[in-house]
$ cat work-v6.txt   # compact mmCIF, N, CA and C atoms and all ligand atoms
# COMPACT_ATOMS: atom_id res chain seq x y z
N MET A 8 -171.61 27.15 -26.57
CA MET A 8 -171.89 28.17 -25.56
C MET A 8 -171.01 27.91 -24.34
N THR A 9 -170.40 28.92 -23.85
CA THR A 9 -169.57 28.76 -22.66
C THR A 9 -169.94 29.83 -21.64
N ARG A 10 -169.83 29.47 -20.40
CA ARG A 10 -170.05 30.41 -19.31
C ARG A 10 -168.92 30.24 -18.31
N LYS A 11 -168.62 31.30 -17.60
CA LYS A 11 -167.47 31.26 -16.70
C LYS A 11 -167.93 31.33 -15.25
N THR A 12 -168.54 30.26 -14.80
CA THR A 12 -169.05 30.30 -13.44
C THR A 12 -168.41 29.28 -12.52
N VAL A 13 -167.80 28.24 -13.04
CA VAL A 13 -167.18 27.24 -12.18
C VAL A 13 -166.10 27.88 -11.32
N GLY A 14 -165.33 28.80 -11.93
CA GLY A 14 -164.27 29.47 -11.19
C GLY A 14 -164.77 30.18 -9.95
N GLY A 15 -165.96 30.74 -10.03
CA GLY A 15 -166.52 31.47 -8.90
C GLY A 15 -166.92 30.59 -7.74
N LYS A 16 -167.09 29.30 -7.99
CA LYS A 16 -167.48 28.37 -6.93
C LYS A 16 -166.32 27.47 -6.51
N ALA A 17 -165.16 27.66 -7.14
CA ALA A 17 -164.02 26.79 -6.87
C ALA A 17 -163.57 26.91 -5.41
N CYS A 18 -163.02 25.82 -4.89
CA CYS A 18 -162.65 25.79 -3.48
C CYS A 18 -161.38 26.59 -3.20
N ARG A 19 -161.21 26.89 -1.95
CA ARG A 19 -159.96 27.49 -1.48
C ARG A 19 -159.35 26.60 -0.41
N CYS A 20 -159.48 25.31 -0.59
CA CYS A 20 -158.88 24.38 0.36
C CYS A 20 -157.37 24.59 0.39
N PRO A 21 -156.75 24.46 1.58
CA PRO A 21 -155.33 24.74 1.70
C PRO A 21 -154.46 23.71 0.98
N ASP A 22 -153.32 24.15 0.53
CA ASP A 22 -152.26 23.27 0.01
C ASP A 22 -152.70 22.48 -1.23
N THR A 23 -153.60 23.03 -2.02
CA THR A 23 -154.01 22.36 -3.24
C THR A 23 -154.60 23.40 -4.19
N THR A 24 -155.03 22.93 -5.36
CA THR A 24 -155.77 23.79 -6.27
C THR A 24 -157.16 23.17 -6.45
N PRO A 25 -158.13 23.97 -6.89
CA PRO A 25 -159.47 23.40 -7.10
C PRO A 25 -159.46 22.22 -8.07
N GLU A 26 -158.56 22.27 -9.05
CA GLU A 26 -158.52 21.20 -10.06
C GLU A 26 -157.91 19.90 -9.53
N SER A 27 -157.08 20.01 -8.49
CA SER A 27 -156.42 18.81 -7.97
C SER A 27 -156.85 18.47 -6.55
N CYS A 28 -157.81 19.22 -6.00
CA CYS A 28 -158.24 19.00 -4.62
C CYS A 28 -158.82 17.60 -4.44
N VAL A 29 -159.60 17.15 -5.41
CA VAL A 29 -160.19 15.81 -5.34
C VAL A 29 -159.12 14.82 -5.77
N GLN A 30 -158.76 13.90 -4.87
CA GLN A 30 -157.71 12.92 -5.15
C GLN A 30 -158.21 11.88 -6.14
N ASP A 31 -157.29 11.33 -6.91
CA ASP A 31 -157.67 10.34 -7.92
C ASP A 31 -158.43 9.15 -7.32
N ASP A 32 -158.05 8.77 -6.11
CA ASP A 32 -158.66 7.58 -5.51
C ASP A 32 -160.06 7.83 -4.92
N GLU A 33 -160.47 9.08 -4.88
CA GLU A 33 -161.74 9.37 -4.22
C GLU A 33 -162.93 8.86 -5.03
N VAL A 34 -163.87 8.26 -4.32
CA VAL A 34 -165.13 7.84 -4.94
C VAL A 34 -166.00 9.06 -5.15
N LEU A 35 -166.71 9.09 -6.27
CA LEU A 35 -167.64 10.17 -6.58
C LEU A 35 -169.03 9.57 -6.80
N THR A 36 -170.04 10.25 -6.27
CA THR A 36 -171.42 9.78 -6.38
C THR A 36 -172.20 10.68 -7.33
N GLN A 37 -172.95 10.05 -8.25
CA GLN A 37 -173.89 10.79 -9.09
C GLN A 37 -175.30 10.32 -8.74
N TRP A 38 -176.22 11.25 -8.58
CA TRP A 38 -177.60 10.88 -8.26
C TRP A 38 -178.51 11.25 -9.42
N ALA A 39 -179.68 10.59 -9.44
CA ALA A 39 -180.70 10.89 -10.44
C ALA A 39 -182.07 10.66 -9.80
N ILE A 40 -183.05 11.40 -10.31
CA ILE A 40 -184.42 11.29 -9.83
C ILE A 40 -185.16 10.21 -10.61
N VAL A 41 -185.92 9.40 -9.90
CA VAL A 41 -186.77 8.40 -10.55
C VAL A 41 -188.21 8.64 -10.13
N ASN A 42 -189.11 8.74 -11.08
CA ASN A 42 -190.53 8.82 -10.76
C ASN A 42 -191.06 7.40 -10.61
N PRO A 43 -191.99 7.20 -9.67
CA PRO A 43 -192.43 5.83 -9.37
C PRO A 43 -193.07 5.12 -10.55
N ASN A 44 -193.63 5.86 -11.48
CA ASN A 44 -194.27 5.22 -12.62
C ASN A 44 -193.31 4.93 -13.76
N ASP A 45 -192.07 5.35 -13.63
CA ASP A 45 -191.10 5.11 -14.69
C ASP A 45 -190.81 3.63 -14.81
N THR A 46 -190.85 3.13 -16.00
CA THR A 46 -190.50 1.73 -16.22
C THR A 46 -189.10 1.59 -16.79
N GLU A 47 -188.55 2.70 -17.25
CA GLU A 47 -187.21 2.63 -17.83
C GLU A 47 -186.16 2.85 -16.74
N ASP A 48 -184.93 2.51 -17.09
CA ASP A 48 -183.83 2.75 -16.17
C ASP A 48 -183.72 4.24 -15.87
N PRO A 49 -183.26 4.59 -14.68
CA PRO A 49 -183.09 6.01 -14.36
C PRO A 49 -182.11 6.68 -15.31
N THR A 50 -182.38 7.94 -15.59
CA THR A 50 -181.54 8.69 -16.51
C THR A 50 -180.55 9.55 -15.74
N PHE A 51 -179.30 9.13 -15.77
CA PHE A 51 -178.25 9.95 -15.17
C PHE A 51 -177.74 10.94 -16.21
N SER A 52 -177.39 12.13 -15.78
CA SER A 52 -176.87 13.14 -16.71
C SER A 52 -175.59 12.65 -17.36
N ARG A 53 -175.52 12.83 -18.67
CA ARG A 53 -174.33 12.48 -19.45
C ARG A 53 -173.61 13.72 -19.93
N GLN A 54 -174.18 14.88 -19.66
CA GLN A 54 -173.58 16.17 -19.99
C GLN A 54 -174.35 17.22 -19.18
N PRO A 55 -173.87 18.46 -19.14
CA PRO A 55 -174.59 19.48 -18.38
C PRO A 55 -176.04 19.60 -18.87
N ARG A 56 -176.94 19.77 -17.93
CA ARG A 56 -178.34 19.96 -18.32
C ARG A 56 -178.49 21.35 -18.95
N PRO A 57 -179.43 21.50 -19.87
CA PRO A 57 -179.52 22.74 -20.66
C PRO A 57 -179.63 24.00 -19.80
N ASN A 58 -180.32 23.88 -18.66
CA ASN A 58 -180.52 25.09 -17.86
C ASN A 58 -179.54 25.19 -16.70
N ASP A 59 -178.51 24.34 -16.71
CA ASP A 59 -177.53 24.43 -15.63
C ASP A 59 -176.77 25.75 -15.71
N TYR A 60 -176.70 26.41 -14.61
CA TYR A 60 -175.98 27.67 -14.56
C TYR A 60 -174.48 27.46 -14.81
N ASP A 61 -174.03 26.26 -14.48
CA ASP A 61 -172.61 25.98 -14.43
C ASP A 61 -171.99 25.47 -15.72
N SER A 62 -172.77 24.87 -16.60
CA SER A 62 -172.21 24.13 -17.73
C SER A 62 -171.23 23.07 -17.26
N ALA A 63 -171.63 22.36 -16.21
CA ALA A 63 -170.83 21.26 -15.67
C ALA A 63 -171.79 20.20 -15.15
N VAL A 64 -171.30 18.98 -15.03
CA VAL A 64 -172.09 17.92 -14.40
C VAL A 64 -171.73 17.88 -12.92
N SER A 65 -172.73 17.85 -12.07
CA SER A 65 -172.51 17.84 -10.62
C SER A 65 -172.34 16.42 -10.11
N LEU A 66 -171.28 16.20 -9.33
CA LEU A 66 -171.10 14.96 -8.59
C LEU A 66 -170.85 15.33 -7.14
N VAL A 67 -170.81 14.31 -6.28
CA VAL A 67 -170.56 14.53 -4.86
C VAL A 67 -169.36 13.70 -4.44
N ARG A 68 -168.44 14.34 -3.72
CA ARG A 68 -167.26 13.63 -3.23
C ARG A 68 -167.67 12.56 -2.24
N GLY A 69 -167.08 11.37 -2.41
CA GLY A 69 -167.32 10.28 -1.48
C GLY A 69 -168.47 9.39 -1.92
N ARG A 70 -168.64 8.29 -1.21
CA ARG A 70 -169.72 7.35 -1.51
C ARG A 70 -170.88 7.65 -0.58
N HIS A 71 -172.02 7.98 -1.16
CA HIS A 71 -173.18 8.37 -0.36
C HIS A 71 -174.42 7.61 -0.81
N GLU A 72 -175.30 7.35 0.16
CA GLU A 72 -176.63 6.85 -0.19
C GLU A 72 -177.31 7.90 -1.05
N PRO A 73 -178.25 7.48 -1.92
CA PRO A 73 -178.85 8.43 -2.86
C PRO A 73 -179.42 9.69 -2.22
N ASP A 74 -180.20 9.53 -1.15
CA ASP A 74 -180.81 10.72 -0.54
C ASP A 74 -179.76 11.66 0.03
N GLU A 75 -178.68 11.08 0.55
CA GLU A 75 -177.61 11.90 1.12
C GLU A 75 -176.86 12.64 0.01
N ALA A 76 -176.64 11.96 -1.12
CA ALA A 76 -175.98 12.61 -2.25
C ALA A 76 -176.82 13.78 -2.75
N PHE A 77 -178.13 13.56 -2.82
CA PHE A 77 -179.05 14.64 -3.23
C PHE A 77 -178.91 15.82 -2.28
N LYS A 78 -178.90 15.55 -0.98
CA LYS A 78 -178.82 16.63 0.01
C LYS A 78 -177.50 17.40 -0.13
N GLN A 79 -176.41 16.65 -0.36
CA GLN A 79 -175.12 17.32 -0.51
C GLN A 79 -175.11 18.26 -1.71
N SER A 80 -175.86 17.89 -2.74
CA SER A 80 -175.85 18.65 -3.97
C SER A 80 -176.87 19.79 -3.95
N VAL A 81 -178.05 19.51 -3.41
CA VAL A 81 -179.18 20.45 -3.48
C VAL A 81 -179.32 21.25 -2.19
N GLY A 82 -178.85 20.72 -1.08
CA GLY A 82 -178.91 21.44 0.17
C GLY A 82 -180.02 20.98 1.09
N LYS A 83 -180.88 20.08 0.63
CA LYS A 83 -181.94 19.53 1.49
C LYS A 83 -182.26 18.12 1.02
N TYR A 84 -182.92 17.35 1.89
CA TYR A 84 -183.29 16.00 1.49
C TYR A 84 -184.42 16.04 0.46
N PRO A 85 -184.47 15.04 -0.43
CA PRO A 85 -185.50 15.06 -1.48
C PRO A 85 -186.90 14.83 -0.90
N ASP A 86 -187.88 15.38 -1.58
CA ASP A 86 -189.28 15.09 -1.29
C ASP A 86 -189.57 13.71 -1.89
N THR A 87 -189.72 12.73 -1.04
CA THR A 87 -189.82 11.35 -1.54
C THR A 87 -191.26 10.89 -1.73
N LYS A 88 -192.20 11.83 -1.61
CA LYS A 88 -193.59 11.41 -1.81
C LYS A 88 -193.85 10.96 -3.24
N ASN A 89 -193.32 11.70 -4.19
CA ASN A 89 -193.66 11.44 -5.58
C ASN A 89 -192.50 10.93 -6.41
N ARG A 90 -191.38 10.72 -5.77
CA ARG A 90 -190.23 10.29 -6.55
C ARG A 90 -189.19 9.72 -5.59
N SER A 91 -188.23 9.05 -6.17
CA SER A 91 -187.13 8.55 -5.36
C SER A 91 -185.82 8.91 -6.05
N VAL A 92 -184.74 8.73 -5.33
CA VAL A 92 -183.43 9.09 -5.85
C VAL A 92 -182.60 7.81 -5.94
N VAL A 93 -181.85 7.69 -7.00
CA VAL A 93 -180.92 6.58 -7.15
C VAL A 93 -179.52 7.15 -7.31
N ALA A 94 -178.52 6.31 -7.13
CA ALA A 94 -177.14 6.78 -7.23
C ALA A 94 -176.28 5.75 -7.94
N ARG A 95 -175.20 6.25 -8.53
CA ARG A 95 -174.17 5.37 -9.09
C ARG A 95 -172.81 5.99 -8.76
N TYR A 96 -171.77 5.18 -8.92
CA TYR A 96 -170.48 5.57 -8.36
C TYR A 96 -169.34 5.41 -9.36
N THR A 97 -168.33 6.28 -9.22
CA THR A 97 -167.12 6.17 -10.00
C THR A 97 -165.98 6.72 -9.14
N SER A 98 -164.84 6.99 -9.76
CA SER A 98 -163.74 7.62 -9.04
C SER A 98 -163.23 8.80 -9.85
N ALA A 99 -162.52 9.71 -9.18
CA ALA A 99 -161.95 10.85 -9.90
C ALA A 99 -160.98 10.37 -10.97
N ARG A 100 -160.26 9.26 -10.69
CA ARG A 100 -159.33 8.74 -11.68
C ARG A 100 -160.06 8.34 -12.96
N GLU A 101 -161.18 7.66 -12.82
CA GLU A 101 -161.95 7.23 -13.98
C GLU A 101 -162.41 8.44 -14.80
N VAL A 102 -162.92 9.44 -14.12
CA VAL A 102 -163.48 10.60 -14.83
C VAL A 102 -162.37 11.38 -15.52
N ARG A 103 -161.25 11.56 -14.83
CA ARG A 103 -160.12 12.26 -15.46
C ARG A 103 -159.58 11.45 -16.63
N GLY A 104 -159.58 10.12 -16.49
CA GLY A 104 -159.14 9.26 -17.56
C GLY A 104 -160.02 9.35 -18.80
N ALA A 105 -161.26 9.79 -18.60
CA ALA A 105 -162.19 9.98 -19.71
C ALA A 105 -161.97 11.32 -20.40
N GLY A 106 -160.99 12.09 -19.93
CA GLY A 106 -160.69 13.36 -20.57
C GLY A 106 -161.47 14.53 -20.03
N LEU A 107 -161.89 14.46 -18.77
CA LEU A 107 -162.67 15.52 -18.16
C LEU A 107 -161.96 16.04 -16.91
N ALA A 108 -162.26 17.27 -16.54
CA ALA A 108 -161.70 17.83 -15.32
C ALA A 108 -162.66 17.58 -14.16
N VAL A 109 -162.08 17.34 -12.98
CA VAL A 109 -162.85 17.15 -11.75
C VAL A 109 -162.46 18.29 -10.81
N VAL A 110 -163.38 19.21 -10.56
CA VAL A 110 -163.08 20.42 -9.81
C VAL A 110 -163.93 20.47 -8.54
N HIS A 111 -163.28 20.73 -7.40
CA HIS A 111 -164.02 20.91 -6.15
C HIS A 111 -164.67 22.29 -6.16
N THR A 112 -166.01 22.32 -6.12
CA THR A 112 -166.74 23.58 -6.24
C THR A 112 -167.76 23.72 -5.12
N PRO A 113 -167.27 23.97 -3.90
CA PRO A 113 -168.20 24.08 -2.77
C PRO A 113 -169.03 25.37 -2.78
N GLY A 114 -168.65 26.33 -3.60
CA GLY A 114 -169.36 27.61 -3.56
C GLY A 114 -169.24 28.25 -2.20
N ARG A 115 -170.34 28.76 -1.70
CA ARG A 115 -170.29 29.44 -0.39
C ARG A 115 -170.67 28.52 0.75
N ILE A 116 -170.89 27.24 0.43
CA ILE A 116 -171.34 26.30 1.45
C ILE A 116 -170.11 25.67 2.09
N SER A 117 -169.84 26.04 3.33
CA SER A 117 -168.67 25.52 4.03
C SER A 117 -168.75 24.01 4.17
N GLY A 118 -167.68 23.33 3.80
CA GLY A 118 -167.64 21.88 3.91
C GLY A 118 -168.38 21.15 2.82
N SER A 119 -168.86 21.88 1.81
CA SER A 119 -169.62 21.23 0.74
C SER A 119 -168.77 20.24 -0.02
N LEU A 120 -169.39 19.12 -0.39
CA LEU A 120 -168.71 18.06 -1.13
C LEU A 120 -169.02 18.14 -2.62
N HIS A 121 -169.58 19.27 -3.06
CA HIS A 121 -169.98 19.41 -4.46
C HIS A 121 -168.77 19.45 -5.39
N VAL A 122 -168.87 18.70 -6.48
CA VAL A 122 -167.80 18.61 -7.48
C VAL A 122 -168.39 18.90 -8.85
N SER A 123 -167.65 19.64 -9.66
CA SER A 123 -168.06 19.93 -11.04
C SER A 123 -167.18 19.15 -12.00
N VAL A 124 -167.82 18.43 -12.92
CA VAL A 124 -167.10 17.74 -14.00
C VAL A 124 -167.21 18.62 -15.24
N VAL A 125 -166.04 18.96 -15.80
CA VAL A 125 -165.98 19.98 -16.86
C VAL A 125 -165.29 19.43 -18.10
N HIS A 126 -165.87 19.77 -19.24
CA HIS A 126 -165.25 19.55 -20.55
C HIS A 126 -165.14 20.90 -21.25
N PRO A 127 -164.02 21.24 -21.88
CA PRO A 127 -162.76 20.48 -21.94
C PRO A 127 -161.97 20.62 -20.63
N PRO A 128 -160.97 19.76 -20.40
CA PRO A 128 -160.30 19.73 -19.11
C PRO A 128 -159.17 20.74 -18.93
N GLU A 129 -158.79 21.44 -19.98
CA GLU A 129 -157.54 22.21 -19.94
C GLU A 129 -157.57 23.37 -18.94
N ASP A 130 -158.63 24.14 -18.91
CA ASP A 130 -158.70 25.31 -18.03
C ASP A 130 -160.12 25.39 -17.46
N PRO A 131 -160.47 24.41 -16.62
CA PRO A 131 -161.89 24.24 -16.24
C PRO A 131 -162.48 25.39 -15.44
N LEU A 132 -161.63 26.17 -14.77
CA LEU A 132 -162.18 27.29 -14.01
C LEU A 132 -162.64 28.41 -14.94
N MET A 133 -162.06 28.49 -16.10
CA MET A 133 -162.37 29.58 -17.01
C MET A 133 -163.28 29.18 -18.16
N LEU A 134 -163.16 27.93 -18.60
CA LEU A 134 -163.88 27.53 -19.82
C LEU A 134 -164.61 26.22 -19.59
N GLN A 135 -165.93 26.26 -19.77
CA GLN A 135 -166.75 25.05 -19.69
C GLN A 135 -167.64 24.99 -20.92
N GLN A 136 -167.62 23.83 -21.55
CA GLN A 136 -168.47 23.64 -22.72
C GLN A 136 -169.80 23.04 -22.27
N ALA A 137 -170.91 23.63 -22.70
CA ALA A 137 -172.23 23.15 -22.28
C ALA A 137 -172.65 21.90 -23.04
N ASP A 138 -172.31 21.84 -24.32
CA ASP A 138 -172.68 20.69 -25.15
C ASP A 138 -171.46 19.81 -25.34
N TRP A 139 -171.50 18.63 -24.73
CA TRP A 139 -170.36 17.72 -24.82
C TRP A 139 -170.47 16.89 -26.10
N PRO A 140 -169.35 16.62 -26.76
CA PRO A 140 -169.38 15.72 -27.91
C PRO A 140 -169.89 14.34 -27.49
N ALA A 141 -170.49 13.63 -28.44
CA ALA A 141 -171.09 12.32 -28.13
C ALA A 141 -170.07 11.36 -27.54
N ASP A 142 -168.85 11.36 -28.07
CA ASP A 142 -167.86 10.41 -27.54
C ASP A 142 -167.45 10.77 -26.13
N THR A 143 -167.45 12.06 -25.81
CA THR A 143 -167.17 12.48 -24.44
C THR A 143 -168.28 12.02 -23.50
N GLN A 144 -169.53 12.17 -23.95
CA GLN A 144 -170.65 11.70 -23.14
C GLN A 144 -170.55 10.20 -22.89
N ASN A 145 -170.20 9.46 -23.92
CA ASN A 145 -170.09 8.00 -23.77
C ASN A 145 -168.97 7.63 -22.81
N ARG A 146 -167.82 8.32 -22.96
CA ARG A 146 -166.70 8.01 -22.06
C ARG A 146 -167.08 8.31 -20.61
N PHE A 147 -167.77 9.43 -20.41
CA PHE A 147 -168.21 9.78 -19.05
C PHE A 147 -169.17 8.71 -18.52
N ASP A 148 -170.15 8.35 -19.32
CA ASP A 148 -171.12 7.35 -18.89
C ASP A 148 -170.43 6.03 -18.56
N ASN A 149 -169.44 5.67 -19.35
CA ASN A 149 -168.74 4.40 -19.14
C ASN A 149 -167.91 4.39 -17.86
N CYS A 150 -167.64 5.57 -17.30
CA CYS A 150 -166.92 5.60 -16.02
C CYS A 150 -167.69 4.87 -14.94
N PHE A 151 -168.98 4.70 -15.13
CA PHE A 151 -169.84 4.17 -14.07
C PHE A 151 -170.22 2.71 -14.28
N THR A 152 -169.72 2.08 -15.34
CA THR A 152 -170.28 0.77 -15.69
C THR A 152 -169.97 -0.31 -14.67
N ASN A 153 -168.92 -0.20 -13.91
CA ASN A 153 -168.54 -1.28 -13.02
C ASN A 153 -169.40 -1.31 -11.75
N GLU A 154 -169.97 -0.19 -11.37
CA GLU A 154 -170.77 -0.15 -10.14
C GLU A 154 -172.03 0.63 -10.40
N ARG A 155 -173.15 0.04 -10.08
CA ARG A 155 -174.40 0.77 -10.16
C ARG A 155 -175.18 0.59 -8.90
ZN ZN B 1 -161.21 21.73 -2.21
$ encode --input "work-v6.txt" --output "structure tokens" --more "lines below"
Ligand SMILES: [Zn+2]
Amino acid sequence: MTRKTVGGKACRCPDTTPESCVQDDEVLTQWAIVNPNDTEDPTFSRQPRPNDYDSAVSLVRGRHEPDEAFKQSVGKYPDTKNRSVVARYTSAREVRGAGLAVVHTPGRISGSLHVSVVHPPEDPLMLQQADWPADTQNRFDNCFTNER
């Protein structure tokens, strides 16, 4: 299944393209929700969630504390009464090296640091695959192994 929505949220930053706006050296933050009763490790997305409008995995440009990364992505701070947020980090170079596209997708939010990770990488503004192959999911997940 493919949907063509990443292109509609792609940035118009000057002197670059949405696909190359995020520099290879930039740190990217991924956040995940943890419920207080969970005994297992937090589950970070390894592919687009089934109901994601975008068919992309959302990351945030830069290194952010978990609650801040959540706010950058969702638009408000998390309700921490019943859950907490955790984060892990990688770089655009790592993600691109895994065979994925890293696209700056601020949408209509001025200054947004929202980033979409897209498979396949060839034409990410037009084509996004919702179901990633297992080896692609593993390569993406492995981008984060050095820092948690
Ligand atoms: Zn941009």
$ residues_near_ligand --input "work-v6.txt" --ligand "ligand ZN 1 (chain B)" --cutoff "10 Å" --atoms "only C-alpha atoms and all ligand atoms" --output "list in words"
Ala17, Cys18, Arg19, Cys20, Pro21, Asp22, Thr23, Thr24, Pro25, Glu26, Ser27, Cys28, Val29, Gln30, Val110, His111, Thr112, Pro113, Gly118, Ser119, Leu120, His121 and Val122 of chain A
$ select_by_dssp --input "work-v6.txt" --residues "region 18-122 of chain A" --states "helix (DSSP H, G or I)" --output "list in words"
Pro73, Asp74, Glu75, Ala76, Phe77, Lys78, Gln79, Ser80, Val81, Ala99, Arg100, Glu101, Val102, Arg103 and Gly104 of chain A
$ select_by_dssp --input "work-v6.txt" --residues "chain A" --states "strand (DSSP E or B)" --output "number ranges by chain"
A: 9, 34-41, 64-68, 91-98, 108-111, 121-125, 136
$ residues_around --input "work-v6.txt" --residues "Gln144 (chain A)" --least-positions-apart "4" --cutoff "5 Å" --atoms "only N, CA and C atoms" --output "ChimeraX atom specification"
/A:53,140,148
$ closest_residue --input "work-v6.txt" --among "A:Arg56, A:Arg95, A:Arg90, A:Arg115" --to "Arg70 (chain A)" --atoms "all atoms listed in the file"
A:Arg95
$ residues_around --input "work-v6.txt" --residues "region 130-134 of chain A" --least-positions-apart "2" --cutoff "5 Å" --atoms "all atoms listed in the file" --output "PyMOL selection string"
chain A and resi 11+13-14+128+136
$ closest_residue --input "work-v6.txt" --among "A:Ala63, A:Val124, A:Ala141, A:Ala76" --to "Ala94 (chain A)" --atoms "all atoms listed in the file"
A:Ala76
